[in-house]
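S.K.: My structure is below; once you've seen it, I'll send some questions.
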Amino acid sequence: MLQLVRISAVLGSLAFAASALGADAVKIVSSLPRTGSANAQTTSMVNGIKMAIAEVGGKIGDIEIAYEDWDDASPQRGNWDPAVEAQNADKAKADQTVVAYIGTYNSGAAKISMPKLNEAGIVMVSPANTAPNLTKEGFGEKNEPAVYRPSGKINYFRVVPTDDVQGAVAADFAKELGAKKVFVLNDREVYGKGVAGVFERRAKEIGLEIVGTDGLDGKASNYKSLVTKMKQVGAEVVYFGGTTQTNAGQLAKDIVTAGLKAKLIVPDGCYEKAFIEAAGEKALEGRVYITFGGVDPKLLEGKGKEFYEGYKKSYSAEPEGYAVYGYEATKVVISAMQRIHAAGGKITRASVLEEVGKTKDFAGALGTWSFDANGDTTNRTMSVNTVKDGDFSTVKVVN
Amino acid sequence: MSETEVFMQQVIYGLSNGMIIALVALGYTMVYGIIELINFAHGDVFTLGGFLALTIVGALGASAVIDPATLGEGSHWLLLFALVIASGLFCGGLNVLIDTIAYKPLRRASKLTQLVAAIGVSFILVNIALFWGGAPMEVFGGGNAAAASKDFPELLEGSNLLGEDSNVVLRLEDLAIFAITIPLMVGLTLFVKKTRLGRGMRATAQNPVAAQLMGIDTNRVIAATFMIGGFLGGAASVMWSLYNNTISFQMGFRAGMDAFTAAVLGGIGSLPGAMIGGVLIGLIRAMSDQYIETRWTNVVVFGVLILILVFRPSGLMGLKQREKV
């Protein structure tokens, strides 16, 4: 008899567990490079994501929001790894409770997960991808971006302005610095090549002379020979489309040691403390400018200011540049879920995808913005930063 | 900058980078010469040498390192030599330890087994470096990102020796590389040529069984080879850190690849071959960056390697030897 009671108790709890895992549980996952030097940045982003979930008490009505922090990097590469990103996308596809995928950090990684998640109809919101060819025609290959949308529907959205804005802002700033001759470098990755290409196009438009272009090896020990070549052609500004992980710090150092008196401009892939650490303040102060699709967290206003203060209170640390984007990306998803719930709908992959796409005049930490027809944010705020006393300092904000 | 100045500058950079590669290449070639093992862990031993050097600098306090008042005039050079010796001994000792634990028990196993063991050791060392980089030390950026590149302070004064107005830049670091690398290479050559142990090494390389029959303690010779190869790798890691001002847990991968290429180019097993191969690779890299394009540099380096191996399969200085591997 006792046996029977036990068995029925076990069966009962199993049934209960099954219902908990069923349609009522929703899961948000993020896929960011957690191993490697981007770790400080992505930890800050994950904190932002957690804050967004905590603000609604981790619940939509009485449906719990589960969150999992996935790593798309491997120790061997110390950077995002295509194989790991593919695994993450497959894992999300297989887990029916996953309704939203926050990621990726690197545009190259997005190329891998986008088609997989598109087939599965899971909404993907990137807090950091800036390569324009992921969503817009005419920036990359002929089959882009259609190749990322096998289902024909858009499931990929992003809350950061794209590099067609960023590269142009950098070129305009080079002209403001009084430069006439610019040398354009890239790291031969999706993001770096994309943004360097936009810079080059814009530079030609506004009458700057391109004295050379090259692609460097992000793992080389130094770039002194390359810097000598740039010195020979009289470069006044060097633009490097690359990231801290593809050796922007070493390049900044070698420009100093090989005696090239040019300013270096780099994109937002270097807008993280690790860049200052790797290059050393001495190589950066007054020499290097970093563009960023947004503003310094300290300068955020309204809801952004609330975020900044809340973050400092919760984690007793300054947020990195992308923390607010992690927060905003999650907020967009959560507010879509809230709207579905309020209308009495069921929170599923399909309903969340549809509702996120409808995001319009969203009043968030980054101001009031919408998703356009490509899934990109209408937000166009950019800032140019430099390094002072070991920290980033904003030179100007462009709207 | 005139064409001549540009060429001079590239020669300086090519030689400096090449000398460092050559030092690492010696470690590969020596071990291969004696036990016919391509020691894939050598590049990672080199990495750990760099981490030790930065740890010492950090323990001394980076400001003390930069301020000559604390240690007195010439203190920078003294510190540099101390670092070379410390990292050298550390890497040498580590190399001997690796040999004792991982390679010695496999000495009679097939070459492939030994090779796989070497790759395994390499993975272990990379992860130790990753762990080390995460140590909560101020020089490591407080250890908040283990995999981040670490800034290595400038130990020597950074001004241009040819005058601030000169287009060609020659810094103390370049001189330091020559001043430390060349004596090490000369010393090694004399050691192998003139000493008893050196003669033992040459004999073991030629025929280990015969050497043993003639009363040479081959185990001691092998240990000495690992020690010296490791020492040179450790010295190279300090030069590398000094020259690039950056270390990272992956630095041994690229350095090891270049050095291995250099050793093969020069003729693996040959000491002068490794030295010439290293310097050649440094020069080819610099010239390709300048006169072709940086994006093609790796293609050029390996293209040259393939060409040389097609026409001289045993490398530039390699002797026609009995079939190895």
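Residues are named by chain letter and number: chains run A, B, ... in the order of the structure tokens, numbers start at 1 in each chain, and ligands are numbered from 1 in the order shown.
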Hey, could you make a per-residue contact list for chain B against chain A with 7 Å as the cut-off, showing the nearest pair of atoms and its distance in Å to one decimal, counting only C-alpha atoms, sorted by chain and number, as JSON lines?
M.R.:
```
{"residue": "B:Met1", "atom": "CA", "partner": "A:Gln232", "partner_atom": "CA", "distance": 5.3}
{"residue": "B:Gln10", "atom": "CA", "partner": "A:Ser225", "partner_atom": "CA", "distance": 6.1}
{"residue": "B:Tyr13", "atom": "CA", "partner": "A:Ser225", "partner_atom": "CA", "distance": 6.6}
{"residue": "B:Gly141", "atom": "CA", "partner": "A:Glu277", "partner_atom": "CA", "distance": 6.6}
{"residue": "B:Asn144", "atom": "CA", "partner": "A:Ala40", "partner_atom": "CA", "distance": 6.8}
{"residue": "B:Ala145", "atom": "CA", "partner": "A:Ser37", "partner_atom": "CA", "distance": 5.5}
{"residue": "B:Ala146", "atom": "CA", "partner": "A:Gly36", "partner_atom": "CA", "distance": 6.9}
{"residue": "B:Ala147", "atom": "CA", "partner": "A:Gly36", "partner_atom": "CA", "distance": 4.5}
{"residue": "B:Ala148", "atom": "CA", "partner": "A:Ser37", "partner_atom": "CA", "distance": 4.1}
{"residue": "B:Ser149", "atom": "CA", "partner": "A:Ala278", "partner_atom": "CA", "distance": 5.1}
{"residue": "B:Lys150", "atom": "CA", "partner": "A:Ala278", "partner_atom": "CA", "distance": 5.3}
{"residue": "B:Asp151", "atom": "CA", "partner": "A:Ala278", "partner_atom": "CA", "distance": 5.1}
{"residue": "B:Val169", "atom": "CA", "partner": "A:Ala258", "partner_atom": "CA", "distance": 6.4}
{"residue": "B:Asn244", "atom": "CA", "partner": "A:Asn222", "partner_atom": "CA", "distance": 6.2}
{"residue": "B:Arg254", "atom": "CA", "partner": "A:Ala220", "partner_atom": "CA", "distance": 6.9}
{"residue": "B:Ala286", "atom": "CA", "partner": "A:Ser225", "partner_atom": "CA", "distance": 5.4}
{"residue": "B:Asp289", "atom": "CA", "partner": "A:Leu226", "partner_atom": "CA", "distance": 5.6}
{"residue": "B:Gln290", "atom": "CA", "partner": "A:Lys229", "partner_atom": "CA", "distance": 5.6}
{"residue": "B:Glu293", "atom": "CA", "partner": "A:Asp214", "partner_atom": "CA", "distance": 6.6}
{"residue": "B:Thr294", "atom": "CA", "partner": "A:Leu216", "partner_atom": "CA", "distance": 5.8}
{"residue": "B:Arg295", "atom": "CA", "partner": "A:Gly215", "partner_atom": "CA", "distance": 4.9}
```
S.K.: Could you dump the residues just selected with C-alpha atoms as a PDB file, in the first residue's frame?
M.R.:
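Output below, filename again_6.pdb:
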```pdb
ATOM      1  CA  MET B   1      60.986  58.852 -45.912  1.00  0.00           C
ATOM      2  CA  GLN B  10      62.571  47.235 -42.554  1.00  0.00           C
ATOM      3  CA  TYR B  13      62.607  45.348 -37.837  1.00  0.00           C
ATOM      4  CA  GLY B 141      44.695  44.196 -15.045  1.00  0.00           C
ATOM      5  CA  ASN B 144      39.346  40.430 -14.574  1.00  0.00           C
ATOM      6  CA  ALA B 145      39.959  39.035 -18.045  1.00  0.00           C
ATOM      7  CA  ALA B 146      42.310  36.075 -18.094  1.00  0.00           C
ATOM      8  CA  ALA B 147      42.501  35.915 -21.861  1.00  0.00           C
ATOM      9  CA  ALA B 148      43.091  39.624 -22.455  1.00  0.00           C
ATOM     10  CA  SER B 149      46.426  40.804 -23.799  1.00  0.00           C
ATOM     11  CA  LYS B 150      48.561  42.166 -20.972  1.00  0.00           C
ATOM     12  CA  ASP B 151      50.544  45.351 -21.306  1.00  0.00           C
ATOM     13  CA  VAL B 169      63.860  54.519 -35.788  1.00  0.00           C
ATOM     14  CA  ASN B 244      56.185  44.040 -28.374  1.00  0.00           C
ATOM     15  CA  ARG B 254      52.270  32.330 -33.397  1.00  0.00           C
ATOM     16  CA  ALA B 286      59.186  42.771 -42.970  1.00  0.00           C
ATOM     17  CA  ASP B 289      54.685  43.899 -45.275  1.00  0.00           C
ATOM     18  CA  GLN B 290      56.475  46.733 -47.039  1.00  0.00           C
ATOM     19  CA  GLU B 293      50.926  43.737 -48.672  1.00  0.00           C
ATOM     20  CA  THR B 294      50.494  42.715 -45.072  1.00  0.00           C
ATOM     21  CA  ARG B 295      47.475  40.608 -45.974  1.00  0.00           C
TER      22      ARG B 295
END
```
S.K.: So which residues touch Thr42 in chain A within 9 Å, counting only C-alpha atoms, skipping near sequence neighbours fewer than 5 positions away, as a VMD selection string?
M.R.: chain A and resid 32 to 34 47 105 320 322 to 323 326
S.K.: Just list as a PyMOL selection string whatever in range 81-212 of chain A DSSP marks as strand (DSSP E or B).
M.R.: chain A and resi 98-103+123-126+156-158+181-186+209-212
S.K.: For Val57 in chain B, please output as a JSON list (two decimals) with C-alpha atoms, in the first residue's frame all residues within 12 Å (counting only C-alpha atoms; exclusion window: fewer than 3 positions along the same chain).
M.R.:
```
[["chain", "number", "residue", "atom", "x", "y", "z"],
["B", 50, "GLY", "CA", 56.66, 35.77, -20.69],
["B", 51, "PHE", "CA", 54.13, 35.41, -17.88],
["B", 52, "LEU", "CA", 56.90, 34.81, -15.35],
["B", 53, "ALA", "CA", 58.70, 37.93, -16.55],
["B", 54, "LEU", "CA", 55.58, 40.06, -16.20],
["B", 60, "LEU", "CA", 58.69, 44.69, -8.15],
["B", 61, "GLY", "CA", 56.05, 47.30, -8.90],
["B", 62, "ALA", "CA", 55.82, 48.73, -12.38],
["B", 63, "SER", "CA", 56.71, 52.24, -11.22],
["B", 64, "ALA", "CA", 59.95, 51.04, -9.63],
["B", 65, "VAL", "CA", 60.82, 49.48, -12.95],
["B", 66, "ILE", "CA", 60.37, 52.68, -14.88],
["B", 76, "HIS", "CA", 67.10, 48.74, -16.49],
["B", 79, "LEU", "CA", 66.68, 44.04, -14.52],
["B", 80, "LEU", "CA", 66.56, 42.90, -18.12],
["B", 82, "ALA", "CA", 67.88, 39.23, -14.40],
["B", 83, "LEU", "CA", 64.62, 38.60, -16.23],
["B", 86, "ALA", "CA", 65.03, 33.94, -14.44],
["B", 87, "SER", "CA", 62.72, 33.16, -17.35],
["B", 137, "MET", "CA", 47.53, 40.99, -9.86],
["B", 138, "GLU", "CA", 47.54, 44.63, -10.83],
["B", 139, "VAL", "CA", 49.89, 44.02, -13.77],
["B", 140, "PHE", "CA", 47.39, 41.53, -15.15],
["B", 151, "ASP", "CA", 50.54, 45.35, -21.31],
["B", 152, "PHE", "CA", 54.23, 44.73, -20.62],
["B", 153, "PRO", "CA", 55.91, 47.92, -19.36],
["B", 154, "GLU", "CA", 58.76, 49.46, -21.34],
["B", 155, "LEU", "CA", 61.87, 48.41, -19.49],
["B", 238, "VAL", "CA", 61.65, 38.18, -22.38],
["B", 241, "SER", "CA", 57.78, 40.95, -24.27],
["B", 242, "LEU", "CA", 60.31, 43.76, -24.26]]
```
S.K.: Run DSSP on the backbone and tell me which residues of range 23-171 of chain A come out as helix (DSSP H, G or I); list them as a ChimeraX atom specification.
M.R.: /A:39-55,82-94,107-120,132-134,146-148,163-171
S.K.: Neighbours of Gly229 in chain B within 7 Å (only C-alpha atoms; same-chain residues fewer than 5 positions away dropped), as a ChimeraX atom specification?
M.R.: /B:26-27,30,92
S.K.: Name the closest residue to Ser288 in chain B among the candidates B:Pro105, B:Pro272, B:Gly303, B:Gly266; distances are taken between atoms, counting only C-alpha atoms.
M.R.: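 Among B:Pro105, B:Pro272, B:Gly303, B:Gly266, it is B:Gly303 that comes nearest to Ser288 in chain B.
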S.K.: Quote the spacing between CA of Gly93 in chain B and CA of Gly267 in chain B in Å to one decimal place.
M.R.: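 Computed distance, CA of Gly93 in chain B to CA of Gly267 in chain B, equals 26.4 Å.
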S.K.: Considering only C-alpha atoms, state which residue in the set A:Asn129, A:Val198, A:Phe157, A:Gly61 is at the smallest distance from Arg339 in chain A.
M.R.: A:Gly61
S.K.: Near range 361-370 of chain A, within 10 Å and counting only C-alpha atoms, which residues show up once chain neighbours fewer than 4 positions away are dropped, as an MDAnalysis selection string?
M.R.: chainID A and resid 159:160 294:295 297 300:308 324:325 327:329 331:332 335 357 375:381
S.K.: When you look at range 341-351 of chain A with a cut-off of 12 Å (counting only C-alpha atoms), what residues show up, excluding the ones that are within fewer than 6 positions of it in the same chain? I need them as number ranges by chain.
M.R.: A: 22-28, 59-65, 92-93, 95-101, 117-124, 153-155, 333-335, 357-358
S.K.: Could you save the residues just selected, with C-alpha atoms, as an mmCIF file, in the first residue's frame?
M.R.:
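What follows is the written file again.cif:
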```cif
data_model
loop_
_atom_site.group_PDB
_atom_site.id
_atom_site.type_symbol
_atom_site.label_atom_id
_atom_site.label_comp_id
_atom_site.auth_asym_id
_atom_site.auth_seq_id
_atom_site.Cartn_x
_atom_site.Cartn_y
_atom_site.Cartn_z
ATOM 1 C CA GLY A 22 5.240 22.941 -20.770
ATOM 2 C CA ALA A 23 3.770 25.967 -22.443
ATOM 3 C CA ASP A 24 3.801 28.060 -19.277
ATOM 4 C CA ALA A 25 7.575 28.261 -18.942
ATOM 5 C CA VAL A 26 9.444 30.708 -21.118
ATOM 6 C CA LYS A 27 13.158 30.962 -21.483
ATOM 7 C CA ILE A 28 15.397 33.739 -22.736
ATOM 8 C CA LYS A 59 7.671 37.029 -14.239
ATOM 9 C CA ILE A 60 5.060 37.891 -16.829
ATOM 10 C CA GLY A 61 1.804 37.474 -14.940
ATOM 11 C CA ASP A 62 2.544 34.170 -13.225
ATOM 12 C CA ILE A 63 4.746 32.801 -15.961
ATOM 13 C CA GLU A 64 8.352 32.556 -14.854
ATOM 14 C CA ILE A 65 11.049 33.896 -17.143
ATOM 15 C CA ALA A 92 17.992 26.926 -28.745
ATOM 16 C CA LYS A 93 16.108 25.322 -31.630
ATOM 17 C CA ASP A 95 14.599 23.551 -26.510
ATOM 18 C CA GLN A 96 10.953 24.419 -27.128
ATOM 19 C CA THR A 97 10.787 26.731 -24.124
ATOM 20 C CA VAL A 98 13.298 29.148 -25.677
ATOM 21 C CA VAL A 99 11.316 32.113 -27.005
ATOM 22 C CA ALA A 100 14.072 34.691 -27.462
ATOM 23 C CA TYR A 101 17.776 34.659 -28.253
ATOM 24 C CA LEU A 117 17.027 30.614 -35.678
ATOM 25 C CA ASN A 118 15.128 32.013 -38.642
ATOM 26 C CA GLU A 119 14.041 28.508 -39.619
ATOM 27 C CA ALA A 120 12.951 27.819 -36.070
ATOM 28 C CA GLY A 121 11.084 31.129 -35.862
ATOM 29 C CA ILE A 122 12.897 32.286 -32.741
ATOM 30 C CA VAL A 123 13.294 36.029 -32.336
ATOM 31 C CA MET A 124 16.925 37.137 -32.135
ATOM 32 C CA LYS A 153 10.417 36.434 -42.582
ATOM 33 C CA ILE A 154 12.529 38.771 -40.477
ATOM 34 C CA ASN A 155 13.416 37.362 -37.061
ATOM 35 C CA VAL A 333 11.528 41.249 -25.603
ATOM 36 C CA ILE A 334 9.953 41.518 -22.171
ATOM 37 C CA SER A 335 7.698 44.382 -23.122
ATOM 38 C CA GLY A 357 8.640 43.135 -34.747
ATOM 39 C CA LYS A 358 5.816 45.559 -33.964
#
```
S.K.: Have a look at B:Phe81, B:Phe7, B:Phe226, B:Tyr32 and name the one nearest to Val45 in chain B; count only C-alpha atoms.
M.R.: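 Answer, going by the shortest atom-to-atom distance: B:Phe226.
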S.K.: From the list A:Gly48, A:Pro132, A:Gly269, A:Gly152, which residue is nearest Val165 in chain A when using only C-alpha atoms?
M.R.: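 Looking at the shortest contact to Val165 in chain A, the residue is A:Pro132.
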